[in-house]
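File shown: structure39.cif (mmCIF, C-alpha atoms).
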```cif
data_work
loop_
_atom_site.label_atom_id
_atom_site.label_comp_id
_atom_site.auth_asym_id
_atom_site.auth_seq_id
_atom_site.Cartn_x
_atom_site.Cartn_y
_atom_site.Cartn_z
CA MET A 280 -1.94 0.88 -18.89
CA SER A 281 0.96 -1.20 -20.15
CA PHE A 282 1.73 -4.77 -19.07
CA LYS A 283 4.85 -3.39 -17.34
CA ASP A 284 2.70 -1.00 -15.29
CA SER A 285 0.41 -3.84 -14.22
CA LEU A 286 3.44 -5.58 -12.66
CA ASN A 287 4.43 -2.56 -10.55
CA TRP A 288 2.92 -4.21 -7.45
CA ILE A 289 5.80 -6.68 -7.36
CA ASN A 290 8.48 -3.98 -7.13
CA ILE A 291 10.13 -4.28 -3.69
CA LYS A 292 12.20 -1.08 -3.96
CA GLY A 293 11.37 1.34 -1.17
CA ARG A 294 8.79 -0.95 0.41
CA HIS A 295 8.53 -1.82 4.11
CA LEU A 296 8.71 -5.39 5.43
CA GLN A 297 5.48 -5.22 7.47
CA SER A 298 3.62 -3.44 4.66
CA GLY A 299 4.54 -3.65 0.97
CA ILE A 300 6.91 -6.62 1.17
CA ALA A 301 4.41 -8.59 3.32
CA PHE A 302 1.79 -7.79 0.64
CA ILE A 303 4.05 -9.02 -2.20
CA LEU A 304 4.94 -12.20 -0.28
CA HIS A 305 1.25 -12.82 0.45
CA ARG A 306 0.40 -12.69 -3.25
CA LEU A 307 3.38 -14.82 -4.30
CA THR A 308 2.72 -17.45 -1.62
CA GLY A 309 -0.92 -17.46 -2.72
CA LEU A 310 0.20 -18.24 -6.26
CA VAL A 311 2.48 -21.05 -4.98
CA ILE A 312 -0.44 -22.55 -3.02
CA LEU A 313 -2.67 -22.32 -6.10
CA LEU A 314 0.00 -24.06 -8.17
CA TYR A 315 0.36 -26.72 -5.48
CA LEU A 316 -3.42 -27.29 -5.48
CA TYR A 317 -3.30 -28.13 -9.19
CA MET A 318 -0.28 -30.39 -8.65
CA HIS A 319 -2.06 -32.10 -5.77
CA LEU A 320 -5.18 -32.73 -7.84
CA THR A 321 -3.03 -34.01 -10.70
CA ALA A 322 -1.26 -36.37 -8.27
CA LEU A 323 -4.58 -37.62 -6.91
CA SER A 324 -5.74 -38.31 -10.45
CA GLN A 325 -3.07 -41.06 -10.54
CA LEU A 326 -5.72 -43.11 -8.74
CA LEU A 327 -7.50 -43.39 -12.08
CA ASN A 328 -4.60 -45.61 -13.21
CA GLY A 329 -5.28 -48.09 -10.42
CA GLY A 330 -3.97 -48.80 -6.91
CA ILE A 331 -0.58 -50.18 -7.97
CA ALA A 332 0.22 -47.15 -10.14
CA TYR A 333 -0.80 -44.83 -7.30
CA ARG A 334 1.39 -46.66 -4.75
CA ASN A 335 4.33 -46.52 -7.17
CA PHE A 336 3.75 -42.80 -7.52
CA LEU A 337 3.63 -42.41 -3.71
CA SER A 338 6.91 -44.27 -3.28
CA THR A 339 8.50 -41.70 -5.58
CA VAL A 340 7.19 -38.65 -3.71
CA GLU A 341 8.02 -40.11 -0.28
CA SER A 342 11.74 -39.59 -0.91
CA PRO A 343 13.98 -37.03 0.92
CA PRO A 344 13.96 -34.37 -1.87
CA PHE A 345 10.15 -34.34 -1.88
CA VAL A 346 9.99 -34.19 1.92
CA VAL A 347 12.25 -31.11 1.81
CA LEU A 348 9.90 -29.59 -0.78
CA ASP A 349 6.94 -30.45 1.47
CA ILE A 350 8.59 -28.69 4.42
CA LEU A 351 9.22 -25.61 2.24
CA LEU A 352 5.59 -25.76 1.12
CA PHE A 353 4.52 -25.78 4.79
CA LEU A 354 6.60 -22.62 5.27
CA VAL A 355 4.74 -20.97 2.39
CA ILE A 356 1.37 -22.09 3.77
CA PHE A 357 2.18 -20.97 7.32
CA TYR A 358 3.32 -17.55 6.09
CA HIS A 359 0.18 -17.14 3.97
CA GLY A 360 -2.07 -18.34 6.79
CA ALA A 361 -0.46 -16.27 9.55
CA ASN A 362 -0.34 -13.11 7.43
CA GLY A 363 -3.88 -13.83 6.23
CA VAL A 364 -5.20 -13.92 9.81
CA ARG A 365 -3.45 -10.57 10.44
CA LEU A 366 -5.07 -9.12 7.32
CA VAL A 367 -8.54 -10.36 8.30
CA VAL A 368 -8.20 -8.76 11.75
CA GLN A 369 -6.75 -5.50 10.45
CA GLU A 370 -9.25 -5.21 7.59
CA PHE A 371 -11.87 -4.77 10.30
CA GLY A 372 -9.96 -1.63 11.19
CA ILE A 373 -8.38 -3.17 14.30
CA GLY A 374 -4.82 -2.10 15.18
CA THR A 375 -4.03 -0.53 11.81
CA ARG A 376 -1.50 1.76 13.53
CA LYS A 377 0.25 -1.28 15.07
CA ARG A 378 1.16 -2.87 11.75
CA LYS A 379 4.70 -3.85 12.72
CA LEU A 380 3.61 -5.41 16.04
CA PHE A 381 0.73 -7.38 14.46
CA PHE A 382 3.00 -8.55 11.64
CA TRP A 383 5.75 -9.84 13.92
CA ILE A 384 3.31 -11.51 16.36
CA MET A 385 1.78 -13.46 13.48
CA MET A 386 5.17 -14.26 11.96
CA VAL A 387 6.45 -15.68 15.27
CA LEU A 388 3.24 -17.73 15.70
CA GLY A 389 3.50 -18.94 12.09
CA LEU A 390 7.16 -19.87 12.56
CA ILE A 391 6.40 -21.80 15.76
CA GLY A 392 3.61 -23.69 13.96
CA TRP A 393 5.93 -24.46 11.04
CA LEU A 394 8.73 -25.72 13.32
CA ILE A 395 6.33 -28.00 15.23
CA LEU A 396 4.91 -29.45 12.00
CA THR A 397 8.40 -29.85 10.52
CA TYR A 398 9.48 -31.77 13.64
CA PHE A 399 6.57 -34.21 13.28
CA VAL A 400 7.11 -34.62 9.52
CA VAL A 401 10.83 -35.31 9.93
CA GLU A 402 10.21 -37.66 12.87
CA SER A 403 7.54 -39.53 10.90
CA PHE A 404 9.79 -39.76 7.83
CA MET A 405 12.85 -40.95 9.81
CA GLY A 406 10.71 -43.42 11.77
CA GLY A 407 9.24 -44.81 8.59
CA ALA A 408 12.58 -44.94 6.72
CA MET B 89 30.32 20.95 4.81
CA ASP B 90 29.48 17.51 3.36
CA LYS B 91 28.67 16.90 -0.28
CA VAL B 92 25.85 14.68 -1.52
CA ILE B 93 25.27 13.53 -5.10
CA PHE B 94 21.69 13.95 -6.29
CA ARG B 95 20.88 11.58 -9.16
CA ILE B 96 17.78 13.08 -10.76
CA LYS B 97 15.59 11.59 -13.48
CA LYS B 98 15.71 14.41 -15.99
CA GLY B 99 13.79 14.80 -19.21
CA THR B 100 10.40 13.85 -20.59
CA PRO B 101 8.73 10.46 -21.13
CA GLU B 102 10.09 10.48 -24.70
CA LYS B 103 13.72 11.25 -23.82
CA TRP B 104 15.24 11.11 -20.37
CA GLU B 105 18.38 10.27 -18.42
CA TYR B 106 19.68 10.25 -14.85
CA ARG B 107 21.85 13.30 -14.24
CA ASP B 108 24.15 13.76 -11.23
CA TYR B 109 24.41 17.01 -9.27
CA GLU B 110 26.76 17.61 -6.34
CA VAL B 111 25.18 19.63 -3.55
CA PRO B 112 26.78 20.95 -0.31
CA VAL B 113 24.78 19.77 2.70
CA GLU B 114 24.72 20.75 6.36
CA ASN B 115 22.46 19.81 9.28
CA GLY B 116 18.91 20.80 8.45
CA THR B 117 19.35 21.06 4.67
CA THR B 118 16.24 19.63 3.05
CA ILE B 119 15.79 17.99 -0.33
CA LEU B 120 13.83 21.05 -1.44
CA ASP B 121 16.80 23.27 -0.42
CA ALA B 122 18.99 21.03 -2.59
CA LEU B 123 16.61 21.31 -5.55
CA TYR B 124 16.63 25.11 -5.30
CA TYR B 125 20.46 25.02 -4.99
CA ILE B 126 20.71 22.94 -8.17
CA ARG B 127 18.35 25.23 -10.09
CA ASP B 128 20.04 28.43 -8.87
CA ASN B 129 23.67 27.27 -9.27
CA ILE B 130 24.01 24.25 -11.58
CA ASP B 131 21.07 23.61 -13.92
CA ARG B 132 18.48 26.30 -14.55
CA THR B 133 16.36 23.89 -16.61
CA LEU B 134 15.52 21.59 -13.67
CA SER B 135 11.73 21.42 -13.22
CA PHE B 136 10.08 20.64 -9.91
CA ARG B 137 6.95 21.71 -8.10
CA ALA B 138 7.07 23.51 -4.73
CA SER B 139 5.32 26.30 -2.93
CA CYS B 140 5.05 26.68 0.85
CA ARG B 141 8.36 25.02 1.91
CA MET B 142 6.70 23.96 5.19
CA GLU B 143 4.68 20.78 4.52
CA VAL B 144 1.37 22.54 4.14
CA CYS B 145 0.73 22.85 0.39
CA GLY B 146 1.62 19.26 -0.58
CA SER B 147 3.26 20.32 -3.86
CA CYS B 148 6.77 18.95 -3.55
CA ALA B 149 6.36 15.20 -3.09
CA VAL B 150 8.91 13.20 -5.10
CA MET B 151 10.34 9.69 -5.04
CA VAL B 152 13.43 9.76 -2.80
CA ASN B 153 15.40 6.53 -3.18
CA ASN B 154 12.22 4.84 -4.45
CA PHE B 155 10.02 6.05 -1.59
CA PRO B 156 7.64 9.03 -1.80
CA ARG B 157 8.46 11.93 0.50
CA THR B 158 7.70 15.63 0.64
CA ALA B 159 10.97 17.33 -0.37
CA CYS B 160 10.46 20.28 1.98
CA SER B 161 10.26 18.18 5.14
CA THR B 162 12.91 15.57 4.36
CA GLN B 163 16.29 16.48 5.78
CA ILE B 164 19.10 15.09 3.66
CA LYS B 165 21.28 13.97 6.59
CA THR B 166 18.46 11.83 8.01
CA ILE B 167 18.60 9.70 4.85
CA GLY B 168 22.25 8.89 5.56
CA LYS B 169 23.29 8.29 1.93
CA LYS B 170 25.98 9.93 -0.18
CA VAL B 171 23.97 9.36 -3.36
CA ILE B 172 20.26 10.17 -3.35
CA THR B 173 18.05 9.31 -6.32
CA LEU B 174 15.14 11.63 -7.06
CA GLU B 175 12.39 10.60 -9.47
CA PRO B 176 8.90 11.89 -10.23
CA LEU B 177 6.08 10.39 -8.12
CA ALA B 178 5.19 6.84 -9.18
CA GLY B 179 1.69 6.12 -10.41
CA TYR B 180 1.08 9.54 -12.02
CA PRO B 181 1.44 10.62 -15.65
CA TRP B 182 4.93 12.07 -15.90
CA ILE B 183 5.29 15.52 -17.50
CA ARG B 184 8.99 16.38 -17.14
CA ASP B 185 11.85 16.12 -14.61
CA LEU B 186 10.17 15.89 -11.18
CA VAL B 187 6.79 17.21 -12.28
CA VAL B 188 3.79 14.89 -12.66
CA ASP B 189 0.18 15.47 -13.70
CA PHE B 190 -2.16 15.62 -10.66
CA ASP B 191 -5.42 16.04 -12.65
CA GLY B 192 -6.43 12.39 -12.20
CA PHE B 193 -5.60 12.50 -8.49
CA PHE B 194 -7.85 15.52 -7.89
CA LYS B 195 -10.65 14.10 -10.07
CA LYS B 196 -10.62 10.92 -7.95
CA HIS B 197 -10.68 13.07 -4.83
CA GLU B 198 -13.61 15.11 -6.13
CA SER B 199 -15.55 11.95 -7.07
CA VAL B 200 -15.96 10.91 -3.40
CA LYS B 201 -17.79 14.16 -2.54
CA PRO B 202 -15.25 15.48 -0.02
CA TYR B 203 -17.50 18.07 1.60
CA LEU B 204 -20.30 18.17 4.18
CA ILE B 205 -23.66 17.13 2.76
CA ARG B 206 -26.82 18.24 4.58
CA LYS B 207 -30.40 17.32 3.73
CA ASP B 208 -31.77 20.16 5.81
CA ASN B 209 -30.74 23.80 5.92
CA PRO B 210 -29.68 24.25 9.54
CA GLU B 211 -29.59 27.61 11.20
CA GLY B 212 -26.74 28.42 13.56
CA GLN B 213 -23.79 26.24 14.44
CA LEU B 214 -23.60 22.48 14.08
CA LEU B 215 -22.17 21.52 17.45
CA GLN B 216 -19.79 18.63 17.91
CA SER B 217 -18.27 17.00 21.00
CA PRO B 218 -14.48 16.40 21.29
CA GLU B 219 -15.18 12.65 20.96
CA GLN B 220 -17.06 13.18 17.69
CA LEU B 221 -14.22 15.37 16.39
CA ALA B 222 -11.58 12.78 17.37
CA LYS B 223 -13.19 10.20 15.06
CA TYR B 224 -12.01 12.02 11.92
CA LYS B 225 -9.63 14.78 13.02
CA GLN B 226 -6.40 13.13 11.78
CA PHE B 227 -7.83 12.88 8.25
CA THR B 228 -8.43 16.63 8.09
CA LEU B 229 -4.64 17.03 8.15
CA CYS B 230 -4.24 15.59 4.64
CA ILE B 231 -2.29 18.03 2.42
CA LYS B 232 -3.05 16.18 -0.87
CA CYS B 233 0.65 15.62 -1.57
CA GLY B 234 -0.19 12.33 -3.29
CA ALA B 235 2.62 10.39 -1.58
CA CYS B 236 0.14 7.72 -0.39
CA LEU B 237 -0.96 6.93 -3.92
CA ALA B 238 2.66 6.76 -5.15
CA ALA B 239 3.52 4.31 -2.34
CA CYS B 240 0.49 2.05 -2.88
CA PRO B 241 1.44 -1.10 -4.87
CA VAL B 242 -2.16 -1.41 -6.07
CA ALA B 243 -2.51 2.21 -7.22
CA VAL B 244 0.76 2.09 -9.21
CA SER B 245 -0.45 -1.00 -11.08
CA ASP B 246 -4.11 0.01 -11.50
CA PRO B 247 -4.69 3.61 -12.68
CA PHE B 248 -8.46 3.33 -12.10
CA TYR B 249 -8.18 2.58 -8.38
CA LEU B 250 -9.48 5.56 -6.38
CA GLY B 251 -6.44 5.42 -4.11
CA PRO B 252 -5.75 6.06 -0.42
CA ALA B 253 -6.15 9.86 -0.38
CA ALA B 254 -9.62 9.89 -1.95
CA LEU B 255 -10.84 6.96 0.15
CA ALA B 256 -9.49 8.50 3.37
CA ALA B 257 -11.30 11.74 2.45
CA ALA B 258 -14.52 9.76 1.97
CA TYR B 259 -14.08 8.21 5.42
CA ARG B 260 -13.27 11.61 6.93
CA PHE B 261 -16.69 12.99 5.91
CA ASN B 262 -18.56 9.74 6.62
CA ALA B 263 -17.18 9.82 10.17
CA ASP B 264 -18.21 13.46 10.66
CA SER B 265 -21.29 13.66 12.90
CA ARG B 266 -22.49 16.79 11.03
CA ASP B 267 -22.62 15.01 7.66
CA GLN B 268 -25.73 13.39 6.15
CA GLY B 269 -24.32 12.12 2.86
CA LYS B 270 -22.78 8.84 3.99
CA ASN B 271 -24.72 6.64 1.57
CA LEU B 272 -24.01 8.95 -1.37
CA ARG B 273 -20.29 8.45 -0.74
CA LEU B 274 -20.61 4.71 -0.09
CA ALA B 275 -22.35 4.36 -3.47
CA VAL B 276 -19.15 5.73 -5.03
CA VAL B 277 -16.50 3.97 -2.95
CA SER B 278 -18.16 0.54 -2.59
CA ASP B 279 -16.89 -0.50 -5.97
CA ALA B 280 -14.29 -2.81 -7.52
CA GLU B 281 -12.08 0.27 -8.08
CA GLY B 282 -13.00 1.75 -4.70
CA CYS B 283 -12.34 0.50 -1.19
CA TRP B 284 -12.58 -3.17 -2.23
CA ARG B 285 -9.48 -2.78 -4.42
CA CYS B 286 -7.39 -2.06 -1.29
CA HIS B 287 -5.52 -5.17 -0.13
CA PHE B 288 -4.12 -3.54 2.99
CA SER B 289 -0.50 -3.34 1.95
CA SER B 290 -0.57 -0.21 4.17
CA GLU B 291 2.37 1.46 2.40
CA CYS B 292 0.15 4.56 2.20
CA SER B 293 0.29 4.94 5.98
CA GLU B 294 4.07 4.40 5.95
CA ALA B 295 4.46 7.15 3.35
CA CYS B 296 2.15 9.81 4.76
CA PRO B 297 4.29 12.83 5.81
CA LYS B 298 1.50 14.02 8.15
CA ASP B 299 1.36 10.65 9.96
CA ILE B 300 -2.24 10.08 8.93
CA ASP B 301 -3.39 6.46 8.68
CA PRO B 302 -5.20 6.23 5.32
CA ALA B 303 -4.91 2.42 5.39
CA GLY B 304 -6.90 2.39 8.65
CA ALA B 305 -9.50 4.74 7.17
CA ILE B 306 -10.00 2.50 4.14
CA GLN B 307 -10.53 -0.58 6.36
CA LYS B 308 -13.17 1.30 8.38
CA LEU B 309 -14.73 2.41 5.09
CA LYS B 310 -14.90 -1.27 4.06
CA VAL B 311 -16.88 -2.06 7.22
CA GLN B 312 -19.29 0.78 6.38
CA ALA B 313 -19.48 -0.35 2.73
CA ALA B 314 -20.17 -3.96 3.76
CA GLY B 315 -23.14 -2.79 5.87
CA TYR B 316 -24.35 -0.61 3.01
CA GLU B 317 -24.16 -3.47 0.47
CA LEU B 318 -25.85 -5.89 2.88
CA LYS B 319 -28.74 -3.48 3.40
CA LYS B 320 -29.06 -3.06 -0.37
CA PHE B 321 -28.96 -6.84 -0.87
CA LEU B 322 -31.67 -7.41 1.74
CA HIS B 323 -33.80 -4.58 0.32
CA LEU B 324 -33.80 -2.79 3.65
CA GLY B 325 -34.24 0.56 1.98
CA VAL B 326 -30.91 2.38 1.62
CA LYS B 327 -31.58 6.10 1.63
CA GLU B 328 -29.26 8.17 -0.55
#
```

Step by step, read the file and then write its structure as structure tokens.
Amino acid sequence: MSFKDSLNWINIKGRHLQSGIAFILHRLTGLVILLYLYMHLTALSQLLNGGIAYRNFLSTVESPPFVVLDILLFLVIFYHGANGVRLVVQEFGIGTRKRKLFFWIMMVLGLIGWLILTYFVVESFMGGA
Amino acid sequence: MDKVIFRIKKGTPEKWEYRDYEVPVENGTTILDALYYIRDNIDRTLSFRASCRMEVCGSCAVMVNNFPRTACSTQIKTIGKKVITLEPLAGYPWIRDLVVDFDGFFKKHESVKPYLIRKDNPEGQLLQSPEQLAKYKQFTLCIKCGACLAACPVAVSDPFYLGPAALAAAYRFNADSRDQGKNLRLAVVSDAEGCWRCHFSSECSEACPKDIDPAGAIQKLKVQAAGYELKKFLHLGVKE
């Protein structure tokens, strides 16, 4: 098997939103979350340089561009979480014929969760600014 | 009569190109009709596989605009495109034009023991209630066209994965009340390249021309396999 063949899973041509594309997005969002985990641990390691260095670092990441990135990260996490719950339920063999319905129910719930969290993040940021 | 351009991947893995063929189309014309039209009237060298022309033999599955379909049961006008791309099934070794090698597919199918296994030698009929039949009936409709495997994003990137057709066949016999070989099959499918490789993308169920739900079968097989592995782990005596 060639390296090109091993990347065939990412091909979106001919795939369905509630099936193949949801699968691709789940993997990609998983990779983004993994990357974020490493970035988060790296950021926390700033504590090793002392409290002042860590507070200086925090003042940098508490700026509008980083808040926008945080909100986008929440979107990634909410998609991965909502789709993950759907997968857990359906991998027990429940509702496998109702893929589209399950997918959209979880997407709407995920979107509602993301909008609520975004509201609180923006309100907190504007209040603190 | 409308005209549709068929853009067909023509050649062998060593040397190939996309070639365009113009085909007259009316209501009810299928992709298989178009392939026969091309071979009879335009290009006698076009290779494709077909037999029954009525979605029973499972020979004619091809990639139609990047999605696997049986050519005999896909009416061209339902696709609604003026240019239709035909390619050999994804995930199979390509031989030439629209013909792929199915040896691996059938070997995977054979490996899951797709037949009734009995420990005794019963005399007379093995009776079954309608409820018992309903548990597996849809999976008996599989025509082995291989479209599910071509649609599966895991199968097209991992040639060792057993694939939806073989796993659905394993479930079909495991769910059959007359069968006594459940653990023999679970020993085969409860493997990194078996049911645990499925990540429920469920494209197999989208692609199935017989409206079978192989994705659902694989998930139920996972539940069976989890019980089987747990019993093995706890040394509860798994009988083969």

Between A:Arg365, A:Gly406, A:Trp393, A:Leu307, smallest distance to chain B by only C-alpha atoms belongs to A:Arg365

Could you tell me which residues the PyMOL selection byres ((chain A and resi 295) around 10) grabs in this file, written as a compact mmCIF listing (two decimals) with C-alpha atoms, in the frame of the given file?
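Heads up, here's the output in out.txt:
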```txt
# COMPACT_ATOMS: atom_id res chain seq x y z
CA ILE A 291 10.13 -4.28 -3.69
CA LYS A 292 12.20 -1.08 -3.96
CA GLY A 293 11.37 1.34 -1.17
CA ARG A 294 8.79 -0.95 0.41
CA LEU A 296 8.71 -5.39 5.43
CA GLN A 297 5.48 -5.22 7.47
CA SER A 298 3.62 -3.44 4.66
CA GLY A 299 4.54 -3.65 0.97
CA ILE A 300 6.91 -6.62 1.17
CA ALA A 301 4.41 -8.59 3.32
CA PHE A 302 1.79 -7.79 0.64
CA LYS A 379 4.70 -3.85 12.72
CA PHE B 155 10.02 6.05 -1.59
CA SER B 289 -0.50 -3.34 1.95
CA SER B 290 -0.57 -0.21 4.17
CA GLU B 291 2.37 1.46 2.40
CA GLU B 294 4.07 4.40 5.95
CA ALA B 295 4.46 7.15 3.35
```

Practice prompt. Please write as an MDAnalysis selection string the full residue list that the PyMOL selection byres ((chain B) within 9 of (chain A)) yields on this file.
Written response: chainID B and resid 152:156 179 239:247 287:291 293:294 301 303:311

Computed gap from CA of Phe357 in chain A to CA of Ser338 in chain A is 26.0 Å

key: Atomic separation - CA of Leu390 in chain A relative to CA of Ala322 in chain A, Å   =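 The value is 27.9 Å.
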
From the options B:Arg107, B:Arg157, B:Lys169, B:Lys270, which residue's atoms come nearest to Gly234 in chain B, counting all atoms listed in the file?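 Closest to Gly234 in chain B, using all atoms listed in the file: B:Arg157.
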
One residue among B:Arg141, B:Ile126, B:Ala235, B:Thr166 is nearest to Asp299 in chain B when using only C-alpha atoms, and that residue is B:Ala235

Check: Selected by the PyMOL selection byres ((chain A and resi 359) around 10) in the shown coordinates: which residues, as JSON, numbers by chain?
Finding: {"A": [301, 304, 305, 306, 307, 308, 309, 312, 353, 354, 355, 356, 357, 358, 360, 361, 362, 363, 364, 365, 386, 389]}
